[in-house]
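**Q** Contents of final-v2.pdb (PDB, C-alpha atoms) are below:
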```pdb
ATOM      1  CA  MET A   8      34.934  78.064  91.504  1.00  0.00           C
ATOM      2  CA  ARG A   9      38.689  77.580  91.346  1.00  0.00           C
ATOM      3  CA  LEU A  10      40.868  78.071  88.347  1.00  0.00           C
ATOM      4  CA  ALA A  11      43.546  75.540  87.484  1.00  0.00           C
ATOM      5  CA  GLY A  12      46.336  78.066  88.106  1.00  0.00           C
ATOM      6  CA  GLU A  13      45.120  78.795  91.644  1.00  0.00           C
ATOM      7  CA  LYS A  14      45.226  75.120  92.550  1.00  0.00           C
ATOM      8  CA  ARG A  15      48.814  74.874  91.306  1.00  0.00           C
ATOM      9  CA  VAL A  16      49.883  77.941  93.342  1.00  0.00           C
ATOM     10  CA  GLU A  17      48.259  76.510  96.438  1.00  0.00           C
ATOM     11  CA  SER A  18      50.051  73.205  96.005  1.00  0.00           C
ATOM     12  CA  GLU A  19      53.363  74.988  95.359  1.00  0.00           C
ATOM     13  CA  ASN A  20      52.936  76.994  98.556  1.00  0.00           C
ATOM     14  CA  ARG A  21      52.334  73.767 100.509  1.00  0.00           C
ATOM     15  CA  ALA A  22      55.434  72.237  98.893  1.00  0.00           C
ATOM     16  CA  VAL A  23      57.571  75.255  99.833  1.00  0.00           C
ATOM     17  CA  LYS A  24      56.333  75.111 103.427  1.00  0.00           C
ATOM     18  CA  ALA A  25      57.062  71.382 103.597  1.00  0.00           C
ATOM     19  CA  ILE A  26      60.569  71.909 102.238  1.00  0.00           C
ATOM     20  CA  SER A  27      61.130  74.790 104.651  1.00  0.00           C
ATOM     21  CA  ARG A  28      60.292  72.513 107.594  1.00  0.00           C
ATOM     22  CA  ASP A  29      62.776  69.896 106.453  1.00  0.00           C
ATOM     23  CA  VAL A  30      65.576  72.245 105.395  1.00  0.00           C
ATOM     24  CA  TYR A  31      68.738  72.478 107.449  1.00  0.00           C
ATOM     25  CA  ARG A  32      68.726  75.565 109.671  1.00  0.00           C
ATOM     26  CA  PRO A  33      72.062  76.552 111.231  1.00  0.00           C
ATOM     27  CA  THR A  34      72.189  77.117 114.962  1.00  0.00           C
ATOM     28  CA  ARG A  35      73.244  80.456 116.411  1.00  0.00           C
ATOM     29  CA  ARG A  36      76.679  79.017 117.119  1.00  0.00           C
ATOM     30  CA  GLU A  37      77.058  77.940 113.492  1.00  0.00           C
ATOM     31  CA  LEU A  38      76.255  81.438 112.244  1.00  0.00           C
ATOM     32  CA  VAL A  39      79.460  82.740 113.825  1.00  0.00           C
ATOM     33  CA  VAL A  40      82.167  83.718 111.291  1.00  0.00           C
ATOM     34  CA  HIS A  41      84.829  81.078 110.722  1.00  0.00           C
ATOM     35  CA  PRO A  42      87.786  81.697 113.099  1.00  0.00           C
ATOM     36  CA  THR A  43      90.287  82.131 110.261  1.00  0.00           C
ATOM     37  CA  VAL A  44      88.139  84.785 108.581  1.00  0.00           C
ATOM     38  CA  SER A  45      87.485  86.429 111.936  1.00  0.00           C
ATOM     39  CA  GLU A  46      91.233  86.647 112.697  1.00  0.00           C
ATOM     40  CA  ARG A  47      91.943  88.059 109.246  1.00  0.00           C
ATOM     41  CA  ARG A  48      89.395  90.830 109.762  1.00  0.00           C
ATOM     42  CA  GLN A  49      90.731  91.799 113.161  1.00  0.00           C
ATOM     43  CA  ARG A  50      94.407  91.669 112.201  1.00  0.00           C
ATOM     44  CA  GLN A  51      95.697  95.166 112.870  1.00  0.00           C
ATOM     45  CA  ASP A  52      99.410  94.406 112.458  1.00  0.00           C
ATOM     46  CA  ARG A  53      99.453  95.483 108.799  1.00  0.00           C
ATOM     47  CA  THR A  54     101.215  98.762 108.119  1.00  0.00           C
ATOM     48  CA  THR A  55      99.332 101.248 105.964  1.00  0.00           C
ATOM     49  CA  ILE A  56     101.396 103.204 103.471  1.00  0.00           C
ATOM     50  CA  GLY A  57     100.423 105.893 101.004  1.00  0.00           C
ATOM     51  CA  VAL A  58     100.857 106.081  97.248  1.00  0.00           C
ATOM     52  CA  VAL A  59     103.976 108.187  97.821  1.00  0.00           C
ATOM     53  CA  GLU A  60     106.383 107.165 100.577  1.00  0.00           C
ATOM     54  CA  GLU A  61     109.827 108.169 101.741  1.00  0.00           C
ATOM     55  CA  VAL A  62     112.133 105.251 101.001  1.00  0.00           C
ATOM     56  CA  THR A  63     115.760 104.715 102.026  1.00  0.00           C
ATOM     57  CA  LEU A  64     118.122 103.057  99.546  1.00  0.00           C
ATOM     58  CA  ARG A  65     121.078 101.319 101.167  1.00  0.00           C
ATOM     59  CA  GLY A  66     124.140 100.928  98.973  1.00  0.00           C
ATOM     60  CA  SER A  67     127.916 100.669  99.273  1.00  0.00           C
ATOM     61  CA  LYS A  68     128.219 104.481  99.183  1.00  0.00           C
ATOM     62  CA  GLY A  69     125.692 105.009 101.980  1.00  0.00           C
ATOM     63  CA  ASP A  70     122.012 105.594 102.477  1.00  0.00           C
ATOM     64  CA  ILE A  71     119.932 107.815 100.193  1.00  0.00           C
ATOM     65  CA  ARG A  72     116.424 108.957 101.065  1.00  0.00           C
ATOM     66  CA  VAL A  73     114.030 109.435  98.164  1.00  0.00           C
ATOM     67  CA  LEU A  74     110.294 109.865  97.618  1.00  0.00           C
ATOM     68  CA  ALA A  75     109.036 106.795  95.796  1.00  0.00           C
ATOM     69  CA  ARG A  76     105.748 106.104  94.070  1.00  0.00           C
ATOM     70  CA  ILE A  77     104.022 102.953  95.363  1.00  0.00           C
ATOM     71  CA  ASP A  78     102.663 101.304  92.216  1.00  0.00           C
ATOM     72  CA  THR A  79     100.560  98.167  92.654  1.00  0.00           C
ATOM     73  CA  GLY A  80     100.400  97.876  88.849  1.00  0.00           C
ATOM     74  CA  ALA A  81     104.186  97.585  88.475  1.00  0.00           C
ATOM     75  CA  ALA A  82     105.545  94.052  88.652  1.00  0.00           C
ATOM     76  CA  ARG A  83     109.098  95.144  89.470  1.00  0.00           C
ATOM     77  CA  THR A  84     110.698  97.938  91.466  1.00  0.00           C
ATOM     78  CA  SER A  85     112.409 100.483  89.228  1.00  0.00           C
ATOM     79  CA  LEU A  86     115.093 103.040  90.041  1.00  0.00           C
ATOM     80  CA  ASP A  87     116.770 105.983  88.302  1.00  0.00           C
ATOM     81  CA  THR A  88     120.281 105.321  86.941  1.00  0.00           C
ATOM     82  CA  ASP A  89     121.810 108.366  88.685  1.00  0.00           C
ATOM     83  CA  LEU A  90     120.266 107.356  92.000  1.00  0.00           C
ATOM     84  CA  ALA A  91     121.655 103.823  91.668  1.00  0.00           C
ATOM     85  CA  ALA A  92     125.126 105.222  90.935  1.00  0.00           C
ATOM     86  CA  ARG A  93     124.984 107.641  93.911  1.00  0.00           C
ATOM     87  CA  ALA A  94     123.982 104.805  96.258  1.00  0.00           C
ATOM     88  CA  GLY A  95     126.729 102.558  94.861  1.00  0.00           C
ATOM     89  CA  LEU A  96     124.416  99.775  93.729  1.00  0.00           C
ATOM     90  CA  GLY A  97     125.807  97.081  91.506  1.00  0.00           C
ATOM     91  CA  PRO A  98     127.208  95.131  89.812  1.00  0.00           C
ATOM     92  CA  VAL A  99     124.606  94.445  87.143  1.00  0.00           C
ATOM     93  CA  PHE A 100     123.720  90.751  87.344  1.00  0.00           C
ATOM     94  CA  ASP A 101     120.884  90.500  84.815  1.00  0.00           C
ATOM     95  CA  ARG A 102     118.954  92.272  82.061  1.00  0.00           C
ATOM     96  CA  VAL A 103     115.169  92.146  81.773  1.00  0.00           C
ATOM     97  CA  ARG A 104     112.690  93.170  79.108  1.00  0.00           C
ATOM     98  CA  VAL A 105     110.187  95.641  80.520  1.00  0.00           C
ATOM     99  CA  ARG A 106     107.125  97.076  78.847  1.00  0.00           C
ATOM    100  CA  ALA A 107     106.674 100.539  80.342  1.00  0.00           C
ATOM    101  CA  ALA A 108     103.138 101.943  80.441  1.00  0.00           C
ATOM    102  CA  ALA A 109     103.948 104.807  78.046  1.00  0.00           C
ATOM    103  CA  ALA A 110     106.244 102.819  75.749  1.00  0.00           C
ATOM    104  CA  HIS A 111     105.165 101.152  72.527  1.00  0.00           C
ATOM    105  CA  GLU A 112     108.002  98.626  72.495  1.00  0.00           C
ATOM    106  CA  PRO A 113     109.535  96.670  75.413  1.00  0.00           C
ATOM    107  CA  GLU A 114     112.968  97.896  76.501  1.00  0.00           C
ATOM    108  CA  GLU A 115     115.892  96.109  78.110  1.00  0.00           C
ATOM    109  CA  ARG A 116     116.919  97.249  81.586  1.00  0.00           C
ATOM    110  CA  ASP A 117     119.829  96.337  83.822  1.00  0.00           C
ATOM    111  CA  VAL A 118     119.028  94.672  87.135  1.00  0.00           C
ATOM    112  CA  VAL A 119     120.976  95.135  90.379  1.00  0.00           C
ATOM    113  CA  ASP A 120     120.464  94.028  93.969  1.00  0.00           C
ATOM    114  CA  ALA A 121     119.367  96.739  96.388  1.00  0.00           C
ATOM    115  CA  ARG A 122     118.345  97.046  99.999  1.00  0.00           C
ATOM    116  CA  VAL A 123     115.245  99.202 100.351  1.00  0.00           C
ATOM    117  CA  VAL A 124     113.751 100.460 103.629  1.00  0.00           C
ATOM    118  CA  ILE A 125     110.035 101.314 103.611  1.00  0.00           C
ATOM    119  CA  ALA A 126     108.100 102.189 106.777  1.00  0.00           C
ATOM    120  CA  GLY A 127     110.962 100.882 108.926  1.00  0.00           C
ATOM    121  CA  ARG A 128     111.154  97.486 107.197  1.00  0.00           C
ATOM    122  CA  GLU A 129     114.124  96.475 105.052  1.00  0.00           C
ATOM    123  CA  PHE A 130     113.797  94.463 101.852  1.00  0.00           C
ATOM    124  CA  GLU A 131     116.494  92.891  99.680  1.00  0.00           C
ATOM    125  CA  VAL A 132     115.216  93.105  96.119  1.00  0.00           C
ATOM    126  CA  ALA A 133     116.385  93.059  92.504  1.00  0.00           C
ATOM    127  CA  VAL A 134     115.586  96.467  90.986  1.00  0.00           C
ATOM    128  CA  ALA A 135     115.471  97.450  87.328  1.00  0.00           C
ATOM    129  CA  ILE A 136     117.575 100.490  86.447  1.00  0.00           C
ATOM    130  CA  ALA A 137     116.051 103.044  84.070  1.00  0.00           C
ATOM    131  CA  ASP A 138     116.497 106.690  83.159  1.00  0.00           C
ATOM    132  CA  ARG A 139     113.829 108.353  85.315  1.00  0.00           C
ATOM    133  CA  LYS A 140     115.418 111.797  85.681  1.00  0.00           C
ATOM    134  CA  ASP A 141     112.559 113.510  83.816  1.00  0.00           C
ATOM    135  CA  MET A 142     109.899 111.729  85.873  1.00  0.00           C
ATOM    136  CA  ARG A 143     108.252 113.077  89.028  1.00  0.00           C
ATOM    137  CA  TYR A 144     109.400 110.072  91.089  1.00  0.00           C
ATOM    138  CA  HIS A 145     112.896 108.640  90.649  1.00  0.00           C
ATOM    139  CA  MET A 146     111.827 105.334  92.171  1.00  0.00           C
ATOM    140  CA  ILE A 147     108.810 103.079  91.684  1.00  0.00           C
ATOM    141  CA  VAL A 148     108.092 100.441  94.313  1.00  0.00           C
ATOM    142  CA  GLY A 149     106.450  97.475  92.592  1.00  0.00           C
ATOM    143  CA  MET A 150     104.720  94.269  93.542  1.00  0.00           C
ATOM    144  CA  ASP A 151     108.025  92.437  94.027  1.00  0.00           C
ATOM    145  CA  ILE A 152     108.254  94.254  97.393  1.00  0.00           C
ATOM    146  CA  LEU A 153     104.549  94.773  98.084  1.00  0.00           C
ATOM    147  CA  ARG A 154     103.465  91.160  97.551  1.00  0.00           C
ATOM    148  CA  ASP A 155     105.148  89.759 100.667  1.00  0.00           C
ATOM    149  CA  SER A 156     105.374  92.942 102.729  1.00  0.00           C
ATOM    150  CA  GLY A 157     101.829  92.879 104.062  1.00  0.00           C
ATOM    151  CA  PHE A 158     101.514  96.630 103.486  1.00  0.00           C
ATOM    152  CA  LEU A 159      98.109  98.104 102.824  1.00  0.00           C
ATOM    153  CA  VAL A 160      98.284 100.861 100.218  1.00  0.00           C
ATOM    154  CA  ASP A 161      95.857 103.671 101.046  1.00  0.00           C
ATOM    155  CA  PRO A 162      95.427 106.174  98.195  1.00  0.00           C
ATOM    156  CA  ALA A 163      94.132 108.767 100.669  1.00  0.00           C
ATOM    157  CA  LYS A 164      97.347 108.529 102.678  1.00  0.00           C
ATOM    158  CA  GLY A 165     100.648 109.882 101.486  1.00  0.00           C
ATOM    159  CA  ASN A 166     102.710 112.990 101.719  1.00  0.00           C
ATOM    160  CA  GLY A 167     100.040 115.152 100.102  1.00  0.00           C
ATOM    161  CA  ARG A 168     102.222 116.507  97.284  1.00  0.00           C
ATOM    162  CA  GLU A 169      99.993 115.373  94.452  1.00  0.00           C
ATOM    163  CA  ASN A 170      96.819 116.538  96.254  1.00  0.00           C
ATOM    164  CA  ASP A 171      97.943 120.077  97.212  1.00  0.00           C
ATOM    165  CA  GLY A 172      96.181 121.718  94.289  1.00  0.00           C
ATOM    166  CA  LYS A 173      92.950 119.815  94.909  1.00  0.00           C
ATOM    167  CA  ARG A 174      92.903 120.653  98.611  1.00  0.00           C
ATOM    168  CA  ALA A 175      93.602 124.321  97.975  1.00  0.00           C
ATOM    169  CA  HIS A 176      90.728 124.392  95.492  1.00  0.00           C
ATOM    170  CA  LEU A 177      88.322 122.652  97.882  1.00  0.00           C
ATOM    171  CA  ASN A 178      89.129 124.993 100.799  1.00  0.00           C
ATOM    172  CA  SER A 179      88.561 128.151  98.770  1.00  0.00           C
TER
END
```
Give the structure from this file in structure tokens form.
**A**
Amino acid sequence: MRLAGEKRVESENRAVKAISRDVYRPTRRELVVHPTVSERRQRQDRTTIGVVEEVTLRGSKGDIRVLARIDTGAARTSLDTDLAARAGLGPVFDRVRVRAAAAHEPEERDVVDARVVIAGREFEVAVAIADRKDMRYHMIVGMDILRDSGFLVDPAKGNGRENDGKRAHLNS
């Protein structure tokens, strides 16, 4: 004796098998990854940089090397006022309102053109000038450079300064 539910399950199983026979099945060739995606995966020409990189500022007074923080959360590159003066950057061509992460209110910052060299590549970019003398890094490299640079930012890579204490602790 069959129950009504069993009959329904049996008919559903037959329906699924019938649909499975008629369903499109890709060939082996069609299962291959699209060429564009495949090329993107294999592209090894992207330079990997760390969260802290040595950057060269090129100004009218010469080149200045500085350790800069690579910040993917910063929209604009920011530079210390003293560093900008030492490099001879200027004149100021604009002012922008910037909301710093630690600030409650947006502040106005001067903007100057600068040439920045990162990992052997030079970028012409408008940088915001701010007083960063009390900060660990006198320069922040923002998305205005990173967006078109093609750099991959690897948090594990860098100069190791901020990880020294952790490494020393792990090796003990």
**Q** What is the distance between atom CA of A:Arg93 and atom CA of A:Asp117, in Å to one decimal?
**A**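 The value is 16.0 Å.
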**Q** Between A:Asp89, A:Glu60, A:Asp70, A:Asp141, which is the closest to A:Arg122 once you count only C-alpha atoms?
**A**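 Closest to A:Arg122, using only C-alpha atoms: A:Asp70.
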**Q** What's the separation between atom CA of A:Ser67 and atom CA of A:Gly97, in Å to one decimal place?
**A**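 Distance between the two atoms: 8.8 Å.
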**Q** How far is it from atom CA of A:Asp161 to atom CA of A:Val103, in Å with one decimal?
**A**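 It comes out at 29.6 Å.
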**Q** Any chance you could work out the residue set of the PyMOL selection byres ((chain A and resi 53) around 7) here, as number ranges by chain?
**A** A: 51-52, 54-55, 157-159
**Q** For a quick check of understanding, using only C-alpha atoms, which of A:Lys164, A:Arg128, A:Arg21, A:His145 has the smallest distance to A:Val73?
**A**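 Answer, going by the shortest atom-to-atom distance: A:His145.
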**Q** Can you list what the PyMOL selection byres ((chain A and resi 140) around 12) grabs from this structure, as a ChimeraX atom specification?
**A** /A:86-91,136-139,141-146
**Q** May I ask which of the residues A:Pro162, A:Ala94, A:Leu153, A:Thr84 is the closest one to A:Ala126, counting only C-alpha atoms?
**A**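 The closest residue to A:Ala126 is A:Leu153.
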**Q** Name the residues, using the chain letters and numbers of the file, that sit within 7 Å of (99.4, 106.4, 98.8) when counting all atoms listed in the file, and give them as number ranges by chain.
**A** A: 56-59, 77, 160-165
**Q** Residues as selected, C-alpha atoms, written as a short mmCIF file (atom, residue, chain, number, x, y, z; two decimals), keeping the file's coordinate frame, can you do that?
**A**
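Saved the output as again25.cif:
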```
data_model
loop_
_atom_site.label_atom_id
_atom_site.label_comp_id
_atom_site.auth_asym_id
_atom_site.auth_seq_id
_atom_site.Cartn_x
_atom_site.Cartn_y
_atom_site.Cartn_z
CA ILE A 56 101.40 103.20 103.47
CA GLY A 57 100.42 105.89 101.00
CA VAL A 58 100.86 106.08 97.25
CA VAL A 59 103.98 108.19 97.82
CA ILE A 77 104.02 102.95 95.36
CA VAL A 160 98.28 100.86 100.22
CA ASP A 161 95.86 103.67 101.05
CA PRO A 162 95.43 106.17 98.20
CA ALA A 163 94.13 108.77 100.67
CA LYS A 164 97.35 108.53 102.68
CA GLY A 165 100.65 109.88 101.49
#
```
**Q** Considering all atoms listed in the file, state which residue in the set A:Val124, A:Val99, A:Val62, A:Ala133 is at the smallest distance from A:Ala75.
**A**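 The shortest atom-to-atom distance to A:Ala75 comes from A:Val62.
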**Q** Translate the PyMOL selection byres ((chain A and resi 106-115) around 12) into a concrete residue list for this structure, as a VMD selection string.
**A** chain A and resid 78 80 to 83 85 101 to 105 116 to 118 135 to 139 147
